[in-house]
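Visitor: Questions regarding the structure given below will be posed in turn.
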Amino acid sequence: MPRTSSLPASLPVLASQQGGCLSRAQLRELGVDADRVASEVRAGRWCVVGPLVVRTSTGELDVAATRWAAVLSGGAGAALAGLSALEVHGLRGWERSSISVRVLRGHRLPALAGTTATSSRRAARVVRRGGLPVLAVEEAAAQAAGAARS
């Protein structure tokens with residue numbers, strides 16, 4: 001099926017800021033409907049990362065794309081947590097293959113390879129690093145310590 005209209009000019013800008021990942025809600029806000037997303041995926045230009053996230057390219061996700069996919073999958077209020085957040089803040093030597101995401105109480109993180117979710121009743125201070133929502137250093141460190149086995 002040929003494309004009938006061009007994509008919004010703001011779409012590639014937002015995608016580049018988010019590791020190529022966009023939530024389906026963001027796409028709707030930009031005027032890109034589910035049929036257009038399906039068409040781009042079928043054509044091999046985009047790929048589905050999870051039930052809530054689409055990537056505007058194909059291939060393996062790099063670290064930035066994986067972080068964004070995890071946060072976007074967590075919905076409104078989601079942020080990188082624990083060691084994942086501390087790594088974004090600059091901590092080195094403690095990297096993990098799993099991305100930790102804090103979601104709002106009552107929300108679930110859809111199944112997304114390499115991600116784990118935590119939630120809390122307590123409000124968390126979230127800051128942005130390169131646009132990416134992450135827990136503040138103090139909160140991320142406390143969460144990482146609480147999750148540590150030793």
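Going by the structure tokens order, chains are called A, B, ..., each with residues numbered from 1, while ligands are numbered from 1 in the order shown.
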Could you give me, as an mmCIF file with N, CA and C atoms, in the first residue's frame, each residue of region 1-149 of chain A that DSSP assigns to strand (DSSP E) when run on this structure's backbone?

Guide:
data_model
loop_
_atom_site.group_PDB
_atom_site.id
_atom_site.type_symbol
_atom_site.label_atom_id
_atom_site.label_comp_id
_atom_site.auth_asym_id
_atom_site.auth_seq_id
_atom_site.Cartn_x
_atom_site.Cartn_y
_atom_site.Cartn_z
ATOM 1 N N CYS A 21 12.746 5.987 19.438
ATOM 2 C CA CYS A 21 11.539 5.367 19.992
ATOM 3 C C CYS A 21 10.454 6.399 20.256
ATOM 4 N N LEU A 22 9.232 6.005 19.945
ATOM 5 C CA LEU A 22 8.063 6.840 20.214
ATOM 6 C C LEU A 22 6.967 5.965 20.799
ATOM 7 N N SER A 23 6.233 6.521 21.743
ATOM 8 C CA SER A 23 5.090 5.777 22.256
ATOM 9 C C SER A 23 3.946 5.914 21.256
ATOM 10 N N CYS A 47 9.894 -0.624 13.467
ATOM 11 C CA CYS A 47 9.672 -1.905 14.141
ATOM 12 C C CYS A 47 8.938 -1.668 15.457
ATOM 13 N N VAL A 48 8.197 -2.674 15.877
ATOM 14 C CA VAL A 48 7.474 -2.625 17.144
ATOM 15 C C VAL A 48 8.426 -3.103 18.225
ATOM 16 N N VAL A 49 8.600 -2.283 19.261
ATOM 17 C CA VAL A 49 9.497 -2.628 20.358
ATOM 18 C C VAL A 49 8.730 -3.289 21.493
ATOM 19 N N GLY A 50 7.510 -2.930 21.663
ATOM 20 C CA GLY A 50 6.627 -3.489 22.689
ATOM 21 C C GLY A 50 5.218 -3.047 22.366
ATOM 22 N N VAL A 53 5.295 0.871 22.303
ATOM 23 C CA VAL A 53 6.416 1.623 21.738
ATOM 24 C C VAL A 53 6.765 1.125 20.339
ATOM 25 N N VAL A 54 7.057 2.093 19.479
ATOM 26 C CA VAL A 54 7.471 1.822 18.108
ATOM 27 C C VAL A 54 8.804 2.531 17.890
ATOM 28 N N ARG A 55 9.668 1.905 17.120
ATOM 29 C CA ARG A 55 10.961 2.515 16.780
ATOM 30 C C ARG A 55 10.956 2.875 15.304
ATOM 31 N N ALA A 79 10.214 6.465 34.980
ATOM 32 C CA ALA A 79 11.578 6.997 34.949
ATOM 33 C C ALA A 79 12.564 5.859 35.186
ATOM 34 N N LEU A 80 13.770 6.016 34.661
ATOM 35 C CA LEU A 80 14.813 5.045 34.980
ATOM 36 C C LEU A 80 15.060 5.087 36.479
ATOM 37 N N ILE A 99 17.468 -3.108 32.479
ATOM 38 C CA ILE A 99 17.102 -1.714 32.698
ATOM 39 C C ILE A 99 16.023 -1.685 33.772
ATOM 40 N N SER A 100 16.232 -0.859 34.791
ATOM 41 C CA SER A 100 15.272 -0.734 35.882
ATOM 42 C C SER A 100 14.442 0.532 35.669
ATOM 43 N N VAL A 101 13.125 0.366 35.733
ATOM 44 C CA VAL A 101 12.195 1.472 35.507
ATOM 45 C C VAL A 101 11.233 1.571 36.683
ATOM 46 N N ARG A 102 11.023 2.770 37.148
ATOM 47 C CA ARG A 102 10.018 3.009 38.184
ATOM 48 C C ARG A 102 8.752 3.497 37.495
ATOM 49 N N VAL A 103 7.639 2.854 37.797
ATOM 50 C CA VAL A 103 6.355 3.232 37.224
ATOM 51 C C VAL A 103 5.445 3.719 38.335
ATOM 52 N N LEU A 104 4.437 4.464 37.968
ATOM 53 C CA LEU A 104 3.483 4.934 38.966
ATOM 54 C C LEU A 104 2.717 3.757 39.544
ATOM 55 N N THR A 115 14.017 -5.558 30.891
ATOM 56 C CA THR A 115 13.567 -4.499 31.789
ATOM 57 C C THR A 115 12.893 -5.087 33.022
ATOM 58 N N THR A 116 13.029 -4.374 34.120
ATOM 59 C CA THR A 116 12.317 -4.711 35.347
ATOM 60 C C THR A 116 11.650 -3.442 35.860
ATOM 61 N N ALA A 117 10.523 -3.597 36.511
ATOM 62 C CA ALA A 117 9.790 -2.437 37.005
ATOM 63 C C ALA A 117 9.654 -2.480 38.511
ATOM 64 N N THR A 118 9.660 -1.304 39.103
ATOM 65 C CA THR A 118 9.348 -1.134 40.519
ATOM 66 C C THR A 118 8.304 -0.036 40.619
ATOM 67 N N SER A 119 7.564 -0.046 41.697
ATOM 68 C CA SER A 119 6.620 1.036 41.938
ATOM 69 C C SER A 119 6.606 1.322 43.430
ATOM 70 N N SER A 120 6.098 2.482 43.782
ATOM 71 C CA SER A 120 6.065 2.873 45.176
ATOM 72 C C SER A 120 4.899 3.821 45.401
ATOM 73 N N VAL A 126 12.018 13.201 40.030
ATOM 74 C CA VAL A 126 12.490 12.802 38.712
ATOM 75 C C VAL A 126 13.149 14.003 38.055
ATOM 76 N N VAL A 127 14.309 13.773 37.474
ATOM 77 C CA VAL A 127 15.020 14.804 36.722
ATOM 78 C C VAL A 127 15.196 14.303 35.293
ATOM 79 N N ARG A 128 15.600 15.188 34.423
ATOM 80 C CA ARG A 128 15.827 14.801 33.020
ATOM 81 C C ARG A 128 17.309 14.909 32.709
ATOM 82 N N ARG A 129 17.804 13.873 32.078
ATOM 83 C CA ARG A 129 19.196 13.833 31.608
ATOM 84 C C ARG A 129 19.128 13.531 30.119
ATOM 85 N N LEU A 132 15.801 12.312 29.003
ATOM 86 C CA LEU A 132 15.361 11.037 29.573
ATOM 87 C C LEU A 132 14.976 11.214 31.037
ATOM 88 N N PRO A 133 13.760 10.814 31.431
ATOM 89 C CA PRO A 133 13.378 10.917 32.838
ATOM 90 C C PRO A 133 14.094 9.856 33.679
ATOM 91 N N VAL A 134 14.789 10.313 34.713
ATOM 92 C CA VAL A 134 15.517 9.414 35.616
ATOM 93 C C VAL A 134 15.282 9.875 37.054
ATOM 94 N N LEU A 135 15.309 8.939 37.974
ATOM 95 C CA LEU A 135 15.229 9.327 39.380
ATOM 96 C C LEU A 135 16.432 10.179 39.730
#

Visitor: Would you mind writing down, as a list of chain:residue names, each residue of region 25-68 of chain A that DSSP on the backbone assigns to helix (DSSP H, G or I)?

Guide: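 Taking region 25-68 of chain A and keeping helix (DSSP H, G or I) only, one gets A:Ala25, A:Gln26, A:Leu27, A:Arg28, A:Glu29, A:Ala34, A:Asp35, A:Arg36, A:Val37, A:Ala38, A:Ser39, A:Glu40, A:Val41, A:Arg42, A:Val63, A:Ala64, A:Ala65, A:Thr66, A:Arg67, A:Trp68.
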
Visitor: Give me a file of those residues, with all heavy atoms, as a short mmCIF file (atom, residue, chain, number, x, y, z; two decimals), in the first residue's frame.

Guide:
data_model
loop_
_atom_site.label_atom_id
_atom_site.label_comp_id
_atom_site.auth_asym_id
_atom_site.auth_seq_id
_atom_site.Cartn_x
_atom_site.Cartn_y
_atom_site.Cartn_z
N ALA A 25 1.03 6.73 22.00
CA ALA A 25 0.31 7.96 22.38
C ALA A 25 0.98 9.17 21.73
O ALA A 25 0.29 10.07 21.23
CB ALA A 25 0.28 8.10 23.90
N GLN A 26 2.31 9.23 21.73
CA GLN A 26 3.02 10.33 21.08
C GLN A 26 2.71 10.36 19.59
O GLN A 26 2.50 11.42 19.01
CB GLN A 26 4.53 10.21 21.29
CG GLN A 26 4.97 10.50 22.70
CD GLN A 26 6.46 10.25 22.89
OE1 GLN A 26 7.00 9.26 22.39
NE2 GLN A 26 7.12 11.14 23.60
N LEU A 27 2.70 9.18 18.97
CA LEU A 27 2.40 9.11 17.54
C LEU A 27 0.99 9.63 17.26
O LEU A 27 0.79 10.40 16.31
CB LEU A 27 2.57 7.68 17.04
CG LEU A 27 4.03 7.21 16.93
CD1 LEU A 27 4.10 5.70 16.81
CD2 LEU A 27 4.71 7.89 15.75
N ARG A 28 0.03 9.26 18.10
CA ARG A 28 -1.34 9.76 17.92
C ARG A 28 -1.38 11.28 18.04
O ARG A 28 -2.04 11.96 17.26
CB ARG A 28 -2.29 9.12 18.92
CG ARG A 28 -2.75 7.73 18.54
CD ARG A 28 -3.89 7.24 19.44
NE ARG A 28 -3.56 7.25 20.85
CZ ARG A 28 -2.92 6.26 21.49
NH1 ARG A 28 -2.53 5.19 20.84
NH2 ARG A 28 -2.67 6.35 22.78
N GLU A 29 -0.65 11.81 19.04
CA GLU A 29 -0.61 13.26 19.23
C GLU A 29 -0.02 13.97 18.00
O GLU A 29 -0.37 15.10 17.70
CB GLU A 29 0.20 13.62 20.47
CG GLU A 29 -0.49 13.28 21.76
CD GLU A 29 0.40 13.47 22.97
OE1 GLU A 29 1.48 14.11 22.85
OE2 GLU A 29 0.03 12.98 24.05
N ALA A 34 -2.90 4.37 13.85
CA ALA A 34 -2.45 2.97 13.94
C ALA A 34 -2.25 2.35 12.57
O ALA A 34 -1.34 1.54 12.38
CB ALA A 34 -3.43 2.16 14.77
N ASP A 35 -3.09 2.72 11.60
CA ASP A 35 -2.93 2.18 10.25
C ASP A 35 -1.61 2.61 9.63
O ASP A 35 -0.93 1.82 8.97
CB ASP A 35 -4.09 2.61 9.35
CG ASP A 35 -5.40 1.94 9.72
OD1 ASP A 35 -5.36 0.85 10.36
OD2 ASP A 35 -6.46 2.50 9.39
N ARG A 36 -1.24 3.86 9.85
CA ARG A 36 0.03 4.36 9.29
C ARG A 36 1.21 3.67 9.97
O ARG A 36 2.20 3.31 9.33
CB ARG A 36 0.12 5.87 9.44
CG ARG A 36 1.40 6.47 8.89
CD ARG A 36 1.54 6.19 7.38
NE ARG A 36 2.80 6.61 6.83
CZ ARG A 36 3.03 7.80 6.32
NH1 ARG A 36 2.09 8.72 6.28
NH2 ARG A 36 4.21 8.08 5.83
N VAL A 37 1.12 3.47 11.27
CA VAL A 37 2.18 2.75 11.99
C VAL A 37 2.31 1.34 11.42
O VAL A 37 3.42 0.89 11.11
CB VAL A 37 1.90 2.71 13.51
CG1 VAL A 37 2.87 1.78 14.22
CG2 VAL A 37 1.96 4.11 14.11
N ALA A 38 1.20 0.65 11.27
CA ALA A 38 1.23 -0.71 10.73
C ALA A 38 1.83 -0.74 9.33
O ALA A 38 2.60 -1.64 8.99
CB ALA A 38 -0.19 -1.29 10.72
N SER A 39 1.52 0.26 8.53
CA SER A 39 2.07 0.35 7.18
C SER A 39 3.59 0.52 7.21
O SER A 39 4.32 -0.12 6.44
CB SER A 39 1.41 1.52 6.44
OG SER A 39 1.99 1.70 5.18
N GLU A 40 4.08 1.37 8.09
CA GLU A 40 5.53 1.60 8.20
C GLU A 40 6.24 0.34 8.69
O GLU A 40 7.34 0.01 8.24
CB GLU A 40 5.81 2.77 9.14
CG GLU A 40 5.31 4.12 8.65
CD GLU A 40 6.02 4.63 7.40
OE1 GLU A 40 7.21 4.31 7.19
OE2 GLU A 40 5.37 5.35 6.63
N VAL A 41 5.59 -0.39 9.61
CA VAL A 41 6.18 -1.63 10.12
C VAL A 41 6.20 -2.69 9.03
O VAL A 41 7.21 -3.35 8.80
CB VAL A 41 5.41 -2.13 11.38
CG1 VAL A 41 5.86 -3.54 11.78
CG2 VAL A 41 5.60 -1.16 12.55
N ARG A 42 5.08 -2.85 8.32
CA ARG A 42 5.01 -3.83 7.22
C ARG A 42 6.05 -3.54 6.14
O ARG A 42 6.63 -4.45 5.56
CB ARG A 42 3.62 -3.83 6.57
CG ARG A 42 2.63 -4.74 7.22
CD ARG A 42 1.39 -4.93 6.37
NE ARG A 42 0.81 -3.68 5.87
CZ ARG A 42 -0.06 -2.92 6.53
NH1 ARG A 42 -0.45 -3.28 7.75
NH2 ARG A 42 -0.55 -1.83 6.01
N VAL A 63 21.91 1.18 23.50
CA VAL A 63 21.61 1.46 24.90
C VAL A 63 20.59 2.59 25.03
O VAL A 63 19.63 2.50 25.80
CB VAL A 63 22.90 1.78 25.69
CG1 VAL A 63 22.59 2.24 27.10
CG2 VAL A 63 23.82 0.57 25.72
N ALA A 64 20.79 3.67 24.27
CA ALA A 64 19.86 4.80 24.35
C ALA A 64 18.45 4.39 23.96
O ALA A 64 17.48 4.75 24.64
CB ALA A 64 20.35 5.95 23.47
N ALA A 65 18.31 3.64 22.89
CA ALA A 65 16.99 3.21 22.44
C ALA A 65 16.35 2.28 23.47
O ALA A 65 15.14 2.37 23.72
CB ALA A 65 17.10 2.51 21.08
N THR A 66 17.13 1.41 24.06
CA THR A 66 16.60 0.49 25.08
C THR A 66 16.10 1.26 26.29
O THR A 66 15.03 0.96 26.83
CB THR A 66 17.67 -0.53 25.49
OG1 THR A 66 18.11 -1.23 24.32
CG2 THR A 66 17.13 -1.53 26.50
N ARG A 67 16.85 2.27 26.72
CA ARG A 67 16.42 3.09 27.87
C ARG A 67 15.11 3.79 27.55
O ARG A 67 14.17 3.79 28.35
CB ARG A 67 17.49 4.11 28.22
CG ARG A 67 18.71 3.53 28.88
CD ARG A 67 19.77 4.59 29.06
NE ARG A 67 20.93 4.06 29.74
CZ ARG A 67 22.15 4.57 29.60
NH1 ARG A 67 22.36 5.62 28.83
NH2 ARG A 67 23.16 4.03 30.25
N TRP A 68 15.04 4.42 26.38
CA TRP A 68 13.83 5.13 25.99
C TRP A 68 12.65 4.19 25.86
O TRP A 68 11.54 4.49 26.30
CB TRP A 68 14.05 5.93 24.72
CG TRP A 68 14.61 7.29 24.99
CD1 TRP A 68 15.90 7.70 24.79
CD2 TRP A 68 13.91 8.40 25.56
NE1 TRP A 68 16.03 9.01 25.19
CE2 TRP A 68 14.83 9.46 25.66
CE3 TRP A 68 12.60 8.59 25.98
CZ2 TRP A 68 14.46 10.70 26.17
CZ3 TRP A 68 12.23 9.83 26.50
CH2 TRP A 68 13.17 10.87 26.58
#

Visitor: Between A:Gly90, A:Gly114, A:Gly82, A:Gly31, which has the minimum distance to Ala142 (chain A) (counting only C-alpha atoms)?

Guide: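 Closest residue, counting only C-alpha atoms: A:Gly82.
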
Visitor: Let me make sure I understand: among A:Leu7, A:Gly93, A:Gln18, A:Leu52, which one has the smallest atom-to-atom distance to Ala76 (chain A) if we use only C-alpha atoms?

Guide: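 The shortest atom-to-atom distance to Ala76 (chain A) comes from A:Leu52.
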
Visitor: Please list as number ranges by chain every residue within 8 Å of Val137 (chain A), counting only C-alpha atoms and excluding residues in the same chain fewer than 4 positions away.

Guide: A: 85-86, 89, 141

Visitor: Just checking: using only C-alpha atoms, which residue out of A:Ala148, A:Val32, A:Leu11, A:Ala43 ends up closest to Trp94 (chain A)?

Guide: A:Ala148

Visitor: Under the rule that only C-alpha atoms are counted, which of A:Ala144, A:Thr58, A:Trp46, A:Val71 is the nearest residue to Arg96 (chain A)?

Guide: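 Of the candidates, the smallest distance to Arg96 (chain A) is held by A:Ala144.
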
Visitor: Go through A:Ala15, A:Ser10, A:Arg105, A:Ser5 one by one, measure the shortest atom-to-atom distance of each to Asp33 (chain A) using only C-alpha atoms, and give the residue with the smallest value.

Guide: A:Ser5

Visitor: Could you check how far CA of Gly75 (chain A) sits from CA of Leu14 (chain A), in Å to one decimal?

Guide: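 Distance between the two atoms: 16.7 Å.
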
Visitor: Of the candidates A:Ser84, A:Ala123, A:Ala136, A:Ser57, which shows the shortest atom-to-atom distance to Ser16 (chain A), using only C-alpha atoms?

Guide: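 Ranked by minimum distance to Ser16 (chain A), first place goes to A:Ser57.
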
Visitor: Measure the distance from CA of Ala81 (chain A) to CA of Glu95 (chain A) in Å and round it to one decimal.

Guide: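 Computed distance, CA of Ala81 (chain A) to CA of Glu95 (chain A), equals 12.8 Å.
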